[in-house]
Amino acid sequence: MLVDSHCHLNYEGLVEEQDAVLDRAREAGVGRFLNISTRESEWDDIVATAERNDDVFASIGIHPHNADEHQHVDEDRLRAAVDHPKVIGIGETGLDYYYEHSDREAQQRLFRRHITVCRETRLPLIIHTRDAEDDTLAILRDEMEKGAFPALIHCFTASGEFGDAVLELGLSISISGIVTFKNAKDLQETAARVPEDRLLVETDSPFLAPVPHRGKTCEPAYVADTAKFVAELRDTDVESLAATTTRNFFELFAKAAA
Ligand SMILES: [Zn+2]
Ligand SMILES: [Zn+2]
């Protein structure tokens with residue numbers, strides 16, 4: 001069984017045929033889905049999708065792109081929203097200085113609020129980081145000193161040094177379909193050497209369809225193609241890679257196993 005540890009089932013492209021999308025993924029061997037929220041207005045729909053489907057879980061959070069208009073989302077609001085049996089993670093949150101759709105300080109403030117609630121609830125933090133390695137690391141180190149919390153870097157595209165640094169902090173790393181792209185040499189190197197117990201796979205669908213589906217709308221079924229590619233990079237077979245990444249998912253997102 002494979003797990004898609006990061007998908008956006010309520011985004012345009014997937015939401016119109018959500019049931020068919022889920023069925024195609026199940027046929028491809030995907031047994032669990034973590035449906036990720038990015039803004040407060042999605043939270044009810046994301047949770048409702050998880051309530052309708054036994055194998056779908058939900059995250060609650062604010063994407064850094066949307067930080068400016070979510071400064072009212074404080075720890076209390078997050079605490080209340082994550083207190084649902086199908087909500088197993090917090091995010092996606094983090095820093096995106098590539099697009100910089102929101103003010104950097106607004107992003108940082110929300111990032112830290114999510115962390116506070118992760119530390120209290122033990123729900124893992126789902127981190128999005130792009131062109132913001134130094135600040136992401138500085139905040140993670142500072143917050144880890146106040147008290148450890150479980151976390152992963154989703155759709156990892158950062159440098160190998162950043163990878164080493166977050167592994168040292170105890171984080172996991174999730175690899176998306178980007179790893180199958182021809183120009184993703186650095187990421188392929190990182191994916192080959194992430195410790196066995198820290199590796200997860202995801203689609204980030206509807207974005208980033210892996211080879212051989214490039215140009216199409218990405219969907220959770222394609223996590224099987226990414227898994228196969230990563231297995232080859234790691235000189236293993238796709239069955240063991242599926243077993244490893246699925247075990248890691250349930251260990252990190254322990255509420256899903258309960
Ligand atoms: Zn993201
Ligand atoms: Zn995402």
# chains A, B, ... in the order shown; residues from 1 in each chain; ligands from 1
>>> residues_near_ligand(ligand="ligand 2", cutoff="7 Å", atoms="only C-alpha atoms and all ligand atoms", output="PyMOL selection string")
chain A and resi 6-8+36+92+204
>>> residues_around(residues="Ala106 in chain A", least_positions_apart="2", cutoff="8 Å", atoms="only C-alpha atoms", output="PyMOL selection string")
chain A and resi 67-68+71+102-104+108-110
>>> write_last_selection(atoms="C-alpha atoms", output="compact mmCIF listing (two decimals), in the first residue's frame")
# COMPACT_ATOMS: atom_id res chain seq x y z
CA ALA A 67 -0.70 34.71 5.27
CA ASP A 68 -1.59 38.38 4.69
CA GLN A 71 -3.50 37.31 10.43
CA SER A 102 2.37 37.62 1.41
CA ASP A 103 4.56 39.83 3.54
CA ARG A 104 7.53 37.91 4.96
CA GLN A 108 6.74 34.05 9.79
CA ARG A 109 4.11 34.98 12.39
CA LEU A 110 1.66 32.38 11.11
>>> residues_around(residues="Leu200 in chain A", least_positions_apart="5", cutoff="10 Å", atoms="only C-alpha atoms", output="PyMOL selection string")
chain A and resi 2-6+152-155+172-176+191+194+227+241-242+244-249+252
>>> write_last_selection(atoms="N, CA, C and O atoms", output="CSV table (one decimal), in the first residue's frame")
chain,number,residue,atom,x,y,z
A,2,LEU,N,0.4,2.2,-0.8
A,2,LEU,CA,1.1,3.5,-0.8
A,2,LEU,C,0.2,4.6,-0.1
A,2,LEU,O,-1.0,4.4,0.0
A,3,VAL,N,0.8,5.6,0.3
A,3,VAL,CA,0.1,6.8,0.9
A,3,VAL,C,0.5,8.0,0.1
A,3,VAL,O,1.7,8.2,-0.1
A,4,ASP,N,-0.5,8.8,-0.3
A,4,ASP,CA,-0.3,10.1,-0.8
A,4,ASP,C,-0.3,11.1,0.4
A,4,ASP,O,-1.4,11.4,0.8
A,5,SER,N,0.9,11.5,0.8
A,5,SER,CA,0.9,12.2,2.1
A,5,SER,C,0.6,13.7,1.9
A,5,SER,O,0.6,14.5,2.9
A,6,HIS,N,0.3,14.1,0.7
A,6,HIS,CA,0.0,15.6,0.4
A,6,HIS,C,-0.7,15.7,-0.9
A,6,HIS,O,-0.1,15.6,-2.0
A,152,LEU,N,7.5,17.7,9.0
A,152,LEU,CA,8.1,17.2,7.7
A,152,LEU,C,8.2,18.4,6.8
A,152,LEU,O,7.4,19.3,6.9
A,153,ILE,N,9.2,18.3,5.9
A,153,ILE,CA,9.2,19.3,4.7
A,153,ILE,C,8.5,18.6,3.6
A,153,ILE,O,8.9,17.5,3.1
A,154,HIS,N,7.4,19.2,3.1
A,154,HIS,CA,6.7,18.6,2.0
A,154,HIS,C,7.3,19.1,0.7
A,154,HIS,O,7.9,20.2,0.6
A,155,CYS,N,7.1,18.3,-0.3
A,155,CYS,CA,7.5,18.6,-1.7
A,155,CYS,C,8.9,19.2,-1.6
A,155,CYS,O,9.2,20.3,-2.1
A,172,SER,N,11.2,14.8,9.0
A,172,SER,CA,11.1,13.9,7.8
A,172,SER,C,11.0,14.7,6.5
A,172,SER,O,10.8,15.9,6.6
A,173,ILE,N,11.2,14.0,5.4
A,173,ILE,CA,11.3,14.7,4.1
A,173,ILE,C,10.3,14.0,3.1
A,173,ILE,O,10.4,12.7,3.0
A,174,SER,N,9.4,14.7,2.5
A,174,SER,CA,8.5,14.1,1.6
A,174,SER,C,8.9,14.5,0.2
A,174,SER,O,9.1,15.7,-0.1
A,175,ILE,N,8.9,13.5,-0.7
A,175,ILE,CA,9.4,13.7,-2.1
A,175,ILE,C,8.1,13.7,-3.0
A,175,ILE,O,7.3,12.8,-3.0
A,176,SER,N,8.1,14.7,-3.9
A,176,SER,CA,6.9,14.8,-4.9
A,176,SER,C,7.4,14.4,-6.3
A,176,SER,O,8.6,14.0,-6.4
A,191,ALA,N,17.0,12.5,-2.5
A,191,ALA,CA,16.0,11.4,-2.4
A,191,ALA,C,16.7,10.1,-2.2
A,191,ALA,O,16.2,9.2,-1.5
A,194,VAL,N,18.1,10.1,1.8
A,194,VAL,CA,17.3,10.4,3.0
A,194,VAL,C,17.2,9.1,3.8
A,194,VAL,O,17.0,8.0,3.3
A,227,ALA,N,6.9,6.9,-6.5
A,227,ALA,CA,7.4,5.8,-5.7
A,227,ALA,C,8.4,4.9,-6.5
A,227,ALA,O,9.5,4.5,-6.0
A,241,LEU,N,9.8,0.1,-1.0
A,241,LEU,CA,9.7,1.6,-0.8
A,241,LEU,C,8.3,1.9,-0.3
A,241,LEU,O,8.1,2.8,0.5
A,242,ALA,N,7.2,1.3,-0.9
A,242,ALA,CA,5.9,1.5,-0.4
A,242,ALA,C,5.7,1.2,1.0
A,242,ALA,O,5.1,1.9,1.8
A,244,THR,N,8.0,1.0,3.4
A,244,THR,CA,8.8,1.9,4.2
A,244,THR,C,8.1,3.2,4.4
A,244,THR,O,7.9,3.7,5.5
A,245,THR,N,7.7,3.8,3.2
A,245,THR,CA,7.1,5.2,3.3
A,245,THR,C,5.7,5.1,4.0
A,245,THR,O,5.3,6.1,4.7
A,246,THR,N,5.0,4.0,3.8
A,246,THR,CA,3.7,3.9,4.5
A,246,THR,C,3.9,3.8,6.0
A,246,THR,O,3.2,4.4,6.8
A,247,ARG,N,4.9,3.0,6.4
A,247,ARG,CA,5.2,2.8,7.8
A,247,ARG,C,5.6,4.2,8.4
A,247,ARG,O,5.1,4.6,9.5
A,248,ASN,N,6.4,4.9,7.7
A,248,ASN,CA,6.8,6.3,8.1
A,248,ASN,C,5.6,7.2,8.3
A,248,ASN,O,5.6,8.0,9.2
A,249,PHE,N,4.7,7.1,7.3
A,249,PHE,CA,3.5,8.0,7.4
A,249,PHE,C,2.8,7.7,8.7
A,249,PHE,O,2.4,8.7,9.4
A,252,LEU,N,4.7,9.0,11.8
A,252,LEU,CA,4.7,10.5,11.9
A,252,LEU,C,3.3,11.0,12.2
A,252,LEU,O,3.1,11.7,13.2
>>> residues_around(residues="range 12-26 of chain A", least_positions_apart="3", cutoff="12 Å", atoms="only C-alpha atoms", output="number ranges by chain")
A: 1-4, 7-9, 29-35, 42, 45-46, 49-50, 52-56, 203-207, 216-225
>>> residues_around(residues="Tyr99 in chain A", least_positions_apart="5", cutoff="12 Å", atoms="only C-alpha atoms", output="list in words")
Pro64, His65, Asn66, Arg104, Thr129, Arg130, Asp131 and Ala132 of chain A
>>> select_by_dssp(residues="range 10-225 of chain A", states="strand (DSSP E or B)", output="ChimeraX atom specification")
/A:30-35,56-60,87-96,125-130,151-153,172-175,199-201,205
>>> write_last_selection(atoms="C-alpha atoms", output="CSV table (one decimal), in the first residue's frame")
chain,number,residue,atom,x,y,z
A,30,VAL,CA,-2.9,4.2,-2.8
A,31,GLY,CA,-4.6,3.3,0.5
A,32,ARG,CA,-4.5,6.6,2.4
A,33,PHE,CA,-4.7,10.2,1.4
A,34,LEU,CA,-3.8,13.4,3.4
A,35,ASN,CA,-5.9,16.2,2.0
A,56,VAL,CA,-8.9,10.2,3.5
A,57,PHE,CA,-7.5,12.4,6.3
A,58,ALA,CA,-7.4,16.2,6.7
A,59,SER,CA,-4.9,18.8,7.6
A,60,ILE,CA,-5.7,22.3,9.0
A,87,VAL,CA,-7.5,16.0,11.3
A,88,ILE,CA,-4.1,14.4,11.6
A,89,GLY,CA,-1.7,17.2,10.7
A,90,ILE,CA,-1.2,21.0,10.8
A,91,GLY,CA,-0.3,22.9,7.6
A,92,GLU,CA,0.6,23.5,5.1
A,93,THR,CA,2.4,26.4,6.6
A,94,GLY,CA,5.9,27.8,6.2
A,95,LEU,CA,7.7,30.4,4.1
A,96,ASP,CA,7.6,31.2,0.4
A,125,LEU,CA,3.7,20.3,11.0
A,126,ILE,CA,3.5,20.1,7.2
A,127,ILE,CA,6.1,22.7,6.0
A,128,HIS,CA,6.2,24.4,2.7
A,129,THR,CA,9.4,26.3,2.0
A,130,ARG,CA,10.7,27.9,-1.1
A,151,ALA,CA,7.3,17.9,11.4
A,152,LEU,CA,8.1,17.2,7.7
A,153,ILE,CA,9.2,19.3,4.7
A,172,SER,CA,11.1,13.9,7.8
A,173,ILE,CA,11.3,14.7,4.1
A,174,SER,CA,8.5,14.1,1.6
A,175,ILE,CA,9.4,13.7,-2.1
A,199,LEU,CA,11.2,9.3,3.8
A,200,LEU,CA,7.7,10.0,2.6
A,201,VAL,CA,6.1,10.4,-0.9
A,205,SER,CA,-1.8,17.2,-6.8
>>> select_by_dssp(residues="range 129-227 of chain A", states="helix (DSSP H, G or I)", output="ChimeraX atom specification")
/A:133-146,160-168,177-180,185-193,196-198,220-227
